[in-house]
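Next comes structure-v5.cif, a file with mmCIF, C-alpha atoms and all ligand atoms.
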```cif
data_target
#
loop_
_atom_site.label_atom_id
_atom_site.label_comp_id
_atom_site.auth_asym_id
_atom_site.auth_seq_id
_atom_site.Cartn_x
_atom_site.Cartn_y
_atom_site.Cartn_z
CA MET A 1 9.51 -22.28 -6.69
CA THR A 2 12.59 -21.18 -4.78
CA ALA A 3 13.01 -17.57 -3.76
CA ALA A 4 15.56 -15.48 -5.58
CA PRO A 5 18.59 -14.61 -3.43
CA ASP A 6 17.50 -10.95 -3.31
CA TRP A 7 14.19 -11.82 -1.61
CA ASP A 8 14.22 -12.73 2.05
CA GLY A 9 10.67 -14.08 2.23
CA GLU A 10 9.29 -17.46 3.29
CA GLU A 11 7.35 -18.91 0.42
CA CYS A 12 6.16 -18.18 -3.06
CA LEU A 13 4.04 -19.84 -5.64
CA LEU A 14 3.83 -19.20 -9.36
CA GLU A 15 1.29 -21.02 -11.44
CA ARG A 16 -0.31 -20.64 -14.85
CA ASP A 17 -4.11 -20.61 -14.88
CA GLY A 18 -4.89 -22.86 -17.85
CA PRO A 19 -8.33 -21.57 -18.88
CA THR A 20 -7.35 -17.85 -18.97
CA GLY A 21 -3.58 -18.03 -19.54
CA ALA A 22 -3.15 -15.70 -16.53
CA TRP A 23 -0.29 -16.16 -14.09
CA ILE A 24 -1.11 -16.56 -10.41
CA ALA A 25 1.73 -15.41 -8.13
CA ILE A 26 1.44 -15.59 -4.33
CA ALA A 27 4.26 -14.39 -2.10
CA ILE A 28 4.33 -14.98 1.65
CA HIS A 29 7.08 -12.74 2.93
CA SER A 30 6.81 -13.18 6.69
CA THR A 31 4.57 -14.91 9.21
CA ARG A 32 6.82 -13.94 12.12
CA LEU A 33 4.16 -11.68 13.70
CA GLY A 34 1.12 -13.65 12.52
CA PRO A 35 -0.55 -15.02 9.37
CA ALA A 36 0.41 -13.14 6.20
CA VAL A 37 -2.15 -10.60 4.97
CA GLY A 38 -2.08 -8.65 1.73
CA GLY A 39 -4.25 -7.64 -1.17
CA THR A 40 -4.69 -9.33 -4.53
CA ARG A 41 -3.53 -7.19 -7.42
CA MET A 42 -4.92 -7.79 -10.90
CA ARG A 43 -3.34 -6.21 -13.96
CA GLU A 44 -1.30 -6.92 -17.06
CA TYR A 45 2.42 -7.67 -16.66
CA PRO A 46 5.12 -8.10 -19.32
CA ASP A 47 5.73 -11.69 -18.18
CA ALA A 48 5.45 -14.15 -15.28
CA ARG A 49 8.80 -13.11 -13.87
CA ALA A 50 7.63 -9.48 -13.51
CA ALA A 51 4.41 -10.62 -11.82
CA LEU A 52 6.31 -12.71 -9.29
CA ALA A 53 8.84 -9.93 -8.64
CA ASP A 54 5.98 -7.50 -7.96
CA ALA A 55 4.26 -9.99 -5.62
CA ARG A 56 7.49 -10.43 -3.66
CA ALA A 57 8.23 -6.72 -3.37
CA LEU A 58 4.64 -5.92 -2.37
CA ALA A 59 4.57 -8.78 0.17
CA ALA A 60 7.72 -7.42 1.81
CA ALA A 61 6.04 -4.01 2.07
CA MET A 62 3.05 -5.66 3.81
CA THR A 63 5.36 -7.12 6.47
CA LEU A 64 6.58 -3.59 7.20
CA LYS A 65 3.01 -2.22 7.16
CA PHE A 66 1.92 -4.42 10.04
CA ALA A 67 5.22 -4.55 11.97
CA LEU A 68 5.65 -0.79 12.30
CA PRO A 69 2.29 0.06 13.86
CA GLY A 70 2.62 -3.09 16.00
CA LEU A 71 -0.20 -5.27 14.63
CA PRO A 72 0.08 -9.08 14.92
CA TRP A 73 -0.01 -9.92 11.20
CA GLY A 74 2.56 -10.89 8.60
CA GLY A 75 3.12 -9.81 5.02
CA GLY A 76 1.98 -11.43 1.78
CA LYS A 77 0.57 -10.50 -1.62
CA GLY A 78 -1.29 -12.11 -4.47
CA VAL A 79 -0.82 -11.07 -8.09
CA LEU A 80 -3.07 -12.13 -10.95
CA ALA A 81 -1.22 -11.25 -14.15
CA VAL A 82 -4.06 -11.27 -16.63
CA PRO A 83 -4.11 -11.17 -20.43
CA PRO A 84 -5.62 -8.01 -22.00
CA GLY A 85 -9.41 -7.86 -22.30
CA LEU A 86 -10.31 -10.65 -19.88
CA ALA A 87 -14.10 -11.22 -20.19
CA PRO A 88 -16.22 -11.09 -17.00
CA GLU A 89 -16.93 -14.85 -16.98
CA ALA A 90 -13.24 -15.66 -17.47
CA ARG A 91 -12.37 -13.24 -14.66
CA ARG A 92 -14.83 -14.95 -12.38
CA GLY A 93 -13.39 -18.37 -13.20
CA LEU A 94 -9.87 -17.15 -12.49
CA LEU A 95 -10.93 -15.69 -9.13
CA LEU A 96 -12.64 -18.97 -8.17
CA ARG A 97 -9.55 -21.05 -9.00
CA TYR A 98 -7.41 -18.52 -7.14
CA GLY A 99 -9.74 -18.80 -4.12
CA GLU A 100 -9.28 -22.57 -4.12
CA ARG A 101 -5.53 -22.01 -4.06
CA LEU A 102 -5.89 -19.67 -1.06
CA ALA A 103 -8.07 -22.20 0.76
CA ALA A 104 -5.35 -24.82 0.20
CA LEU A 105 -2.82 -22.54 1.91
CA GLY A 106 -4.79 -23.11 5.11
CA GLY A 107 -4.76 -19.50 6.30
CA ARG A 108 -1.04 -18.81 5.99
CA PHE A 109 -2.02 -16.09 3.48
CA ARG A 110 -5.22 -14.05 3.80
CA THR A 111 -6.14 -11.62 1.09
CA GLY A 112 -8.09 -8.43 0.48
CA PRO A 113 -8.61 -5.88 -2.32
CA ASP A 114 -5.76 -4.16 -4.12
CA VAL A 115 -5.09 -2.36 -7.41
CA GLY A 116 -7.39 -3.89 -10.05
CA THR A 117 -9.64 -5.79 -7.63
CA GLY A 118 -12.50 -4.72 -5.39
CA SER A 119 -15.08 -5.93 -2.90
CA VAL A 120 -17.15 -7.78 -5.51
CA ASP A 121 -14.04 -9.77 -6.49
CA MET A 122 -13.44 -10.57 -2.81
CA ASP A 123 -17.02 -11.93 -2.63
CA VAL A 124 -16.21 -14.25 -5.56
CA ILE A 125 -12.96 -15.45 -3.96
CA ALA A 126 -14.85 -16.13 -0.71
CA GLU A 127 -17.45 -18.21 -2.58
CA THR A 128 -14.86 -20.97 -2.81
CA GLY A 129 -14.88 -21.34 0.94
CA ALA A 130 -11.52 -19.60 1.22
CA PRO A 131 -11.89 -18.20 4.73
CA TRP A 132 -10.53 -14.85 5.94
CA VAL A 133 -11.10 -12.86 2.77
CA PHE A 134 -10.99 -9.20 3.82
CA GLY A 135 -12.87 -6.35 2.15
CA ARG A 136 -15.94 -8.26 0.91
CA THR A 137 -19.09 -6.22 0.27
CA PRO A 138 -21.17 -5.33 3.33
CA ALA A 139 -24.00 -7.42 1.80
CA ALA A 140 -21.70 -10.46 1.97
CA GLY A 141 -20.70 -9.63 5.53
CA GLY A 142 -17.47 -7.75 4.72
CA ALA A 143 -16.21 -4.27 5.56
CA GLY A 144 -16.29 -3.06 1.93
CA PRO A 145 -13.49 -1.30 0.05
CA SER A 146 -10.20 -0.46 1.76
CA GLY A 147 -9.61 2.85 -0.08
CA PRO A 148 -11.42 5.17 2.37
CA ALA A 149 -9.43 3.92 5.41
CA THR A 150 -6.20 4.10 3.40
CA ALA A 151 -7.06 7.74 2.64
CA VAL A 152 -7.61 8.43 6.36
CA GLY A 153 -4.10 7.12 7.01
CA VAL A 154 -2.51 9.12 4.18
CA PHE A 155 -4.22 12.26 5.49
CA ALA A 156 -2.64 11.62 8.91
CA ALA A 157 0.72 10.94 7.26
CA ILE A 158 0.56 14.25 5.39
CA GLY A 159 -0.12 15.98 8.71
CA ALA A 160 2.82 14.33 10.48
CA ALA A 161 5.16 15.06 7.57
CA CYS A 162 4.00 18.69 7.36
CA GLU A 163 4.67 19.02 11.08
CA GLU A 164 8.21 17.76 10.44
CA ALA A 165 8.76 20.02 7.41
CA PHE A 166 6.93 23.19 8.44
CA GLY A 167 6.34 22.84 12.19
CA ASP A 168 2.58 22.78 11.54
CA ALA A 169 0.51 19.68 10.81
CA SER A 170 -2.51 21.43 9.33
CA PRO A 171 -3.06 21.04 5.59
CA ALA A 172 -5.05 24.31 5.55
CA GLY A 173 -3.49 26.72 3.08
CA ARG A 174 -1.01 24.11 1.79
CA THR A 175 -0.87 23.06 -1.83
CA VAL A 176 -1.12 19.28 -2.14
CA LEU A 177 -0.53 17.54 -5.46
CA VAL A 178 -2.30 14.17 -5.54
CA GLN A 179 -1.22 11.73 -8.25
CA GLY A 180 -4.12 9.40 -9.03
CA ALA A 181 -7.81 10.00 -8.25
CA GLY A 182 -8.74 6.36 -7.68
CA SER A 183 -10.02 4.56 -4.61
CA VAL A 184 -7.47 6.31 -2.34
CA GLY A 185 -6.66 9.53 -4.22
CA LEU A 186 -10.28 10.61 -4.60
CA PRO A 187 -11.36 10.41 -0.93
CA LEU A 188 -7.98 11.90 0.05
CA ALA A 189 -8.39 14.86 -2.34
CA ALA A 190 -11.91 15.44 -1.01
CA ALA A 191 -10.76 15.34 2.63
CA LEU A 192 -7.86 17.71 1.92
CA ALA A 193 -10.16 20.16 0.12
CA ARG A 194 -12.57 20.08 3.07
CA ALA A 195 -9.63 20.79 5.40
CA GLY A 196 -8.77 23.94 3.46
CA ALA A 197 -5.86 22.72 1.33
CA GLU A 198 -5.41 23.75 -2.26
CA VAL A 199 -5.63 20.37 -4.00
CA LEU A 200 -4.12 19.63 -7.41
CA VAL A 201 -4.90 16.26 -8.99
CA ALA A 202 -3.36 14.41 -11.93
CA ASP A 203 -5.05 11.37 -13.46
CA PRO A 204 -4.98 10.15 -17.06
CA ASP A 205 -8.58 8.87 -16.68
CA PRO A 206 -10.94 11.78 -17.53
CA GLY A 207 -13.78 10.32 -15.43
CA ALA A 208 -11.59 10.00 -12.33
CA LEU A 209 -10.25 13.52 -12.89
CA ALA A 210 -13.77 14.93 -13.21
CA ARG A 211 -14.77 13.34 -9.88
CA ALA A 212 -11.73 14.93 -8.20
CA VAL A 213 -12.58 18.31 -9.69
CA ALA A 214 -16.15 17.94 -8.40
CA ALA A 215 -14.64 17.29 -4.95
CA GLY A 216 -12.76 20.61 -5.08
CA ALA A 217 -9.45 19.81 -6.82
CA ARG A 218 -7.77 21.57 -9.75
CA PRO A 219 -6.51 19.36 -12.61
CA VAL A 220 -2.83 18.99 -13.52
CA ALA A 221 -1.56 17.14 -16.61
CA PRO A 222 -0.07 13.75 -15.62
CA GLU A 223 3.20 14.52 -17.44
CA ALA A 224 3.58 17.81 -15.50
CA VAL A 225 3.59 16.20 -12.03
CA ALA A 226 7.36 16.25 -11.42
CA ASP A 227 7.60 19.93 -12.43
CA THR A 228 4.55 21.28 -10.61
CA PRO A 229 5.37 23.25 -7.45
CA ALA A 230 3.45 22.12 -4.35
CA ASP A 231 4.05 21.91 -0.61
CA VAL A 232 3.15 18.22 -0.62
CA PHE A 233 3.36 15.56 -3.32
CA SER A 234 1.07 12.61 -2.63
CA PRO A 235 1.59 9.64 -4.99
CA CYS A 236 -1.63 7.60 -4.89
CA ALA A 237 -1.38 5.62 -8.13
CA LEU A 238 1.05 2.87 -9.08
CA GLY A 239 4.57 2.36 -7.68
CA ALA A 240 8.05 3.22 -8.93
CA VAL A 241 7.15 6.83 -9.79
CA ILE A 242 10.13 8.39 -7.97
CA GLY A 243 13.52 7.32 -9.29
CA PRO A 244 16.73 9.30 -8.79
CA ALA A 245 15.81 11.69 -11.65
CA GLU A 246 12.36 12.49 -10.24
CA ALA A 247 13.79 12.78 -6.71
CA GLU A 248 16.12 15.50 -8.05
CA ARG A 249 13.31 17.21 -9.92
CA LEU A 250 10.28 17.20 -7.62
CA ARG A 251 9.31 20.70 -6.50
CA CYS A 252 7.83 19.95 -3.08
CA ARG A 253 8.84 19.84 0.61
CA VAL A 254 6.92 16.70 1.59
CA VAL A 255 6.22 13.35 -0.10
CA ALA A 256 3.45 11.30 1.55
CA GLY A 257 1.06 9.08 -0.39
CA GLY A 258 -0.95 5.90 -0.63
CA ALA A 259 0.90 4.15 -3.48
CA ASN A 260 2.90 1.04 -2.61
CA ASN A 261 6.65 1.10 -3.32
CA PRO A 262 6.64 4.57 -4.98
CA LEU A 263 10.44 4.85 -4.79
CA THR A 264 12.54 2.84 -7.22
CA GLY A 265 15.10 2.19 -4.47
CA PRO A 266 17.19 3.55 -1.58
CA GLU A 267 18.99 6.05 -3.81
CA ALA A 268 15.76 7.99 -4.39
CA ALA A 269 15.15 8.16 -0.62
CA ALA A 270 18.70 9.48 -0.08
CA ILE A 271 18.27 12.16 -2.74
CA LEU A 272 14.97 13.36 -1.25
CA ALA A 273 16.63 13.61 2.18
CA ARG A 274 19.63 15.50 0.79
CA ARG A 275 17.25 17.99 -0.84
CA GLY A 276 15.46 18.55 2.47
CA ILE A 277 12.25 16.88 1.27
CA VAL A 278 10.47 15.05 4.12
CA TYR A 279 9.53 11.57 2.90
CA ALA A 280 6.86 9.61 4.77
CA PRO A 281 7.76 5.97 4.05
CA ASP A 282 4.99 4.49 1.94
CA PHE A 283 4.64 1.36 4.07
CA VAL A 284 3.70 3.60 7.00
CA ALA A 285 1.61 6.18 5.11
CA SER A 286 -0.42 3.64 3.11
CA ALA A 287 -1.11 1.13 5.89
CA GLY A 288 -4.60 2.41 6.81
CA GLY A 289 -6.64 0.11 4.57
CA ALA A 290 -4.95 -3.03 5.77
CA MET A 291 -4.92 -1.86 9.41
CA ALA A 292 -8.61 -1.00 9.43
CA GLY A 293 -9.43 -4.15 7.43
CA VAL A 294 -7.97 -6.51 10.02
CA ARG A 295 -9.39 -4.51 12.95
CA MET A 296 -12.94 -4.49 11.55
CA GLU A 297 -13.01 -8.02 10.17
CA ALA A 298 -10.67 -10.03 12.39
CA ASP A 299 -11.11 -8.09 15.66
CA GLY A 300 -14.73 -6.94 15.23
CA TRP A 301 -14.07 -3.22 15.67
CA ASP A 302 -16.48 -0.69 14.18
CA ARG A 303 -15.26 1.62 11.43
CA ALA A 304 -15.02 4.75 13.59
CA ARG A 305 -12.77 3.00 16.11
CA ALA A 306 -10.63 1.40 13.39
CA GLU A 307 -10.17 4.69 11.52
CA ALA A 308 -9.34 6.54 14.73
CA GLU A 309 -6.60 3.98 15.36
CA VAL A 310 -5.35 4.34 11.78
CA ALA A 311 -5.02 8.11 12.09
CA GLY A 312 -3.46 7.93 15.57
CA ARG A 313 -0.97 5.16 14.90
CA ILE A 314 0.16 6.31 11.49
CA GLY A 315 0.78 9.79 12.91
CA SER A 316 2.64 8.52 15.97
CA THR A 317 4.66 5.95 13.98
CA LEU A 318 5.79 8.63 11.56
CA ARG A 319 6.79 11.00 14.36
CA GLU A 320 8.89 8.16 15.79
CA VAL A 321 10.44 7.46 12.37
CA PHE A 322 11.32 11.13 11.80
CA ARG A 323 12.85 11.34 15.29
CA ASP A 324 14.93 8.22 14.63
CA ALA A 325 16.01 9.52 11.24
CA ARG A 326 17.27 12.75 12.80
CA ARG A 327 19.04 10.88 15.59
CA LEU A 328 20.70 8.41 13.22
CA GLY A 329 21.43 10.90 10.45
CA ALA A 330 19.54 8.56 8.12
CA ASP A 331 16.71 9.18 5.69
CA PRO A 332 13.22 8.24 6.98
CA ASP A 333 12.91 5.21 4.67
CA THR A 334 16.11 3.71 6.06
CA ALA A 335 15.12 4.61 9.64
CA ALA A 336 11.67 3.05 9.25
CA ARG A 337 13.05 -0.21 7.81
CA ARG A 338 15.45 -0.41 10.72
CA LEU A 339 12.67 0.14 13.26
CA ALA A 340 10.55 -2.55 11.57
CA ARG A 341 13.47 -4.98 11.63
CA GLU A 342 13.90 -4.38 15.36
CA ARG A 343 10.19 -5.05 15.96
CA LEU A 344 10.29 -8.23 13.89
CA GLU A 345 13.40 -9.54 15.58
CA ALA A 346 12.01 -8.79 19.06
CA ALA A 347 8.89 -10.86 18.36
CA PRO A 348 8.59 -14.37 19.69
CA PRO A 349 8.17 -17.04 16.98
CA PRO A 350 4.56 -17.12 15.71
CA ASP A 351 2.21 -19.35 17.72
CA ARG A 352 -0.54 -19.65 15.08
C1 LIG B 401 -2.39 -3.00 1.10
O1 LIG B 401 -2.44 -2.32 2.12
O2 LIG B 401 -1.57 -2.79 0.21
C2 LIG B 401 -3.30 -4.12 0.92
O3 LIG B 401 -2.85 -5.15 0.58
C3 LIG B 401 -4.75 -3.92 1.10
C4 LIG B 401 -5.46 -4.75 2.09
C5 LIG B 401 -6.67 -4.31 2.47
C6 LIG B 401 -7.40 -4.99 3.39
C7 LIG B 401 -6.93 -6.13 3.94
C8 LIG B 401 -5.71 -6.59 3.53
C9 LIG B 401 -4.99 -5.91 2.62
#
```
In structure tokens, how does this file's structure come out?
Ligand code: PPY
Amino acid sequence: MTAAPDWDGEECLLERDGPTGAWIAIAIHSTRLGPAVGGTRMREYPDARAALADARALAAAMTLKFALPGLPWGGGKGVLAVPPGLAPEARRGLLLRYGERLAALGGRFRTGPDVGTGSVDMDVIAETGAPWVFGRTPAAGGAGPSGPATAVGVFAAIGAACEEAFGDASPAGRTVLVQGAGSVGLPLAAALARAGAEVLVADPDPGALARAVAAGARPVAPEAVADTPADVFSPCALGAVIGPAEAERLRCRVVAGGANNPLTGPEAAAILARRGIVYAPDFVASAGGAMAGVRMEADGWDRARAEAEVAGRIGSTLREVFRDARRLGADPDTAARRLARERLEAAPPPDR
């Protein structure tokens, strides 16, 4: 499979899984700083082309996630585009065949959990002998789900962005609208409520919403998100939720969340900046899960140390990005991509 001209990555693979009819897409965007790491996403897609496009875009975001905080890993992503209603046994078979594929890549791509997969799935992938599977269950020797550490990073990102917008990093007394009460949104909402923020949560899943309410949040209808006033909007569900129209409409001063690729493109970032809305680039704000994952499982750090690094580095990286953006007269998304490019170009060629 050759890369499309609009993708500057190294390698991708697209393959139909015969027994389930699923498409397996693996994108290795960059190994310049080290082996590519990125989660495996499992969901329905309109077609194979959409699955591959998502894998490529998400892999590119992973390169930025590791380059900006200065960690020696590259960017990749796996996508399993499954048919509706995949039975548990069929799911298991798909994960095993996918694991064999990963093993055959010889470590150039190392995966972990992502939207639609979890620690139990990582255990299944690792059964194949595919080494370096991050986020397995603690019983299988892994560090467990990545959501809590991602939430720690988003919390720090909200602080840094509030400091930029209001001159005060504390979420106490701020209204924060969290979109999505899943593996990142729920622990984030709970932490914000504990810190004294007024937390609003939107989620179409009644069970997820009820858990957020139990953690201290007030519910908001999913379709009302763009029109609900808040100090901070935190997208923690799927991507592409802020296009030019939403960027014009959002009634907030800060956007900082855990979703990957929440903007539809550079135009949305420019509109947010023109409206004086401080945008924490998603590939900085959402990096905590991946950062803590590699620290705990590849470097042997304990969770407390890994999460302290996540909070510290995400905060300091964002302060650097906002400073650069002001200096360059650019929006933070543009400034952060530029900083990442500099870090990538300054790196010696990979030696592993
Ligand atoms: C991401 O940050 O989007 C991920 O891909 C999650 C992840 C979690 C743990 C290890 C590697 C990737």
Of the residues A:Ala287, A:Ala298, A:Met122, A:Ala280, which is the one nearest to ligand LIG 401 (chain B), using all atoms listed in the file?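 Ranking A:Ala287, A:Ala298, A:Met122, A:Ala280 by distance to ligand LIG 401 (chain B), first place goes to A:Ala287.
If all atoms listed in the file are the atoms counted, then among A:Ala149, A:Val178, A:Ala103, A:Ala195 the closest residue to ligand LIG 401 (chain B) is A:Ala149.
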List as CSV every residue of chain A that is in contact with ligand LIG 401 (chain B), defined as an atom at most 10 Å from one of its atoms (using only C-alpha atoms and all ligand atoms), together with the nearest atom pair and the distance in Å rounded to one decimal, sorted by chain and then rising number.
```
residue,atom,partner,partner_atom,distance
A:Ala36,CA,B:LIG401,C8,9.4
A:Val37,CA,B:LIG401,C8,5.6
A:Gly38,CA,B:LIG401,O3,3.8
A:Gly39,CA,B:LIG401,O3,3.4
A:Thr40,CA,B:LIG401,O3,6.9
A:Arg41,CA,B:LIG401,O3,8.3
A:Leu58,CA,B:LIG401,O2,7.4
A:Ala59,CA,B:LIG401,O3,8.3
A:Ala61,CA,B:LIG401,O2,7.9
A:Met62,CA,B:LIG401,O2,6.5
A:Lys65,CA,B:LIG401,O1,7.4
A:Phe66,CA,B:LIG401,O1,9.3
A:Gly75,CA,B:LIG401,O3,8.8
A:Gly76,CA,B:LIG401,O3,8.0
A:Lys77,CA,B:LIG401,O3,6.7
A:Gly78,CA,B:LIG401,O3,8.7
A:Arg110,CA,B:LIG401,C8,7.5
A:Thr111,CA,B:LIG401,C8,5.6
A:Gly112,CA,B:LIG401,C8,4.3
A:Pro113,CA,B:LIG401,C5,5.4
A:Asp114,CA,B:LIG401,C3,5.3
A:Val115,CA,B:LIG401,O2,8.4
A:Gly118,CA,B:LIG401,C5,9.8
A:Ser119,CA,B:LIG401,C6,10.0
A:Trp132,CA,B:LIG401,C7,9.6
A:Val133,CA,B:LIG401,C7,8.0
A:Phe134,CA,B:LIG401,C7,5.1
A:Gly135,CA,B:LIG401,C6,5.8
A:Arg136,CA,B:LIG401,C6,9.5
A:Ala143,CA,B:LIG401,C6,9.1
A:Gly144,CA,B:LIG401,C6,9.2
A:Pro145,CA,B:LIG401,C5,7.8
A:Ser146,CA,B:LIG401,C5,5.3
A:Gly147,CA,B:LIG401,C5,8.1
A:Ala149,CA,B:LIG401,C5,9.2
A:Thr150,CA,B:LIG401,O1,7.5
A:Gly258,CA,B:LIG401,O2,8.8
A:Ala259,CA,B:LIG401,O2,8.2
A:Asn260,CA,B:LIG401,O2,6.5
A:Asn261,CA,B:LIG401,O2,9.8
A:Asp282,CA,B:LIG401,O2,10.0
A:Phe283,CA,B:LIG401,O1,8.2
A:Val284,CA,B:LIG401,O1,9.8
A:Ala285,CA,B:LIG401,O1,9.9
A:Ser286,CA,B:LIG401,O1,6.4
A:Ala287,CA,B:LIG401,O1,5.3
A:Gly288,CA,B:LIG401,O1,7.0
A:Gly289,CA,B:LIG401,C5,4.9
A:Ala290,CA,B:LIG401,C5,3.9
A:Met291,CA,B:LIG401,C6,7.2
A:Ala292,CA,B:LIG401,C6,7.3
A:Gly293,CA,B:LIG401,C6,4.6
A:Val294,CA,B:LIG401,C7,6.2
A:Arg295,CA,B:LIG401,C7,9.5
A:Met296,CA,B:LIG401,C7,9.8
A:Glu297,CA,B:LIG401,C7,8.9
```
Fewer than 4 positions away in the same chain doesn't count, so skip those; otherwise give me all residues within 9 Å of Pro332 (chain A), counting only C-alpha atoms, as a PyMOL selection string. chain A and resi 269+273+278-281+318+321-326+336-337
Within 8 Å of Pro219 (chain A) using all atoms listed in the file, minus same-chain residues under 3 positions, as a compact mmCIF listing (two decimals) with C-alpha atoms, keeping the file's coordinate frame:
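result.txt, freshly written:
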```txt
# COMPACT_ATOMS: atom_id res chain seq x y z
CA LEU A 200 -4.12 19.63 -7.41
CA VAL A 201 -4.90 16.26 -8.99
CA ALA A 202 -3.36 14.41 -11.93
CA LEU A 209 -10.25 13.52 -12.89
CA VAL A 213 -12.58 18.31 -9.69
```
Atom-to-atom span, CA of Pro148 (chain A) and CA of Val79 (chain A), Å: 22.0 Å
Show me the residues close to (5.2, 19.1, 1.0) - anything with an atom within 9 Å, counting all atoms listed in the file - and format the list as a ChimeraX atom specification. /A:158,161-162,165-166,174-177,230-234,251-256,277-279
Which residue out of A:Ala104, A:Val225, A:Val310, A:Ala340 has the minimum interatomic distance to Ala156 (chain A) when all atoms listed in the file are used?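 The closest residue to Ala156 (chain A) is A:Val310.
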Taking 3 positions as the minimum chain separation for residues in the same chain, which residues sit within 7 Å of Ala67 (chain A) when counting all atoms listed in the file? Answer as a list of chain:residue names.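 With the cut-off at 7 Å, the set is A:Thr63, A:Leu64, A:Gly70, A:Leu71, A:Ala340, A:Arg343, A:Leu344.
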Could region 9-14 of chain A be completed with all heavy atoms and written as a compact mmCIF listing (two decimals), in the coordinates of the input, please?
```
# COMPACT_ATOMS: atom_id res chain seq x y z
N GLY A 9 11.96 -13.60 1.76
CA GLY A 9 10.67 -14.08 2.23
C GLY A 9 10.62 -15.58 2.46
O GLY A 9 11.62 -16.28 2.31
N GLU A 10 9.43 -16.07 2.87
CA GLU A 10 9.29 -17.46 3.29
C GLU A 10 8.87 -18.42 2.19
O GLU A 10 9.28 -19.56 2.17
CB GLU A 10 8.24 -17.54 4.42
CG GLU A 10 8.71 -16.87 5.70
CD GLU A 10 7.63 -16.86 6.78
OE1 GLU A 10 6.59 -17.52 6.62
OE2 GLU A 10 7.84 -16.15 7.78
N GLU A 11 7.97 -17.95 1.31
CA GLU A 11 7.35 -18.91 0.42
C GLU A 11 6.76 -18.18 -0.77
O GLU A 11 6.20 -17.11 -0.61
CB GLU A 11 6.20 -19.56 1.23
CG GLU A 11 5.41 -20.63 0.56
CD GLU A 11 4.35 -21.22 1.52
OE1 GLU A 11 4.42 -21.00 2.75
OE2 GLU A 11 3.44 -21.88 1.01
N CYS A 12 6.95 -18.72 -1.97
CA CYS A 12 6.16 -18.18 -3.06
C CYS A 12 5.73 -19.26 -4.03
O CYS A 12 6.29 -20.34 -4.09
CB CYS A 12 6.80 -16.99 -3.75
SG CYS A 12 8.51 -17.14 -4.10
N LEU A 13 4.70 -18.89 -4.76
CA LEU A 13 4.04 -19.84 -5.64
C LEU A 13 3.79 -19.13 -6.96
O LEU A 13 3.37 -17.96 -6.97
CB LEU A 13 2.75 -20.20 -4.92
CG LEU A 13 1.66 -21.07 -5.47
CD1 LEU A 13 0.87 -21.59 -4.28
CD2 LEU A 13 0.74 -20.30 -6.39
N LEU A 14 4.08 -19.79 -8.05
CA LEU A 14 3.83 -19.20 -9.36
C LEU A 14 3.20 -20.29 -10.21
O LEU A 14 3.78 -21.37 -10.37
CB LEU A 14 5.13 -18.71 -9.99
CG LEU A 14 5.01 -18.11 -11.39
CD1 LEU A 14 4.19 -16.82 -11.35
CD2 LEU A 14 6.39 -17.82 -11.96
```
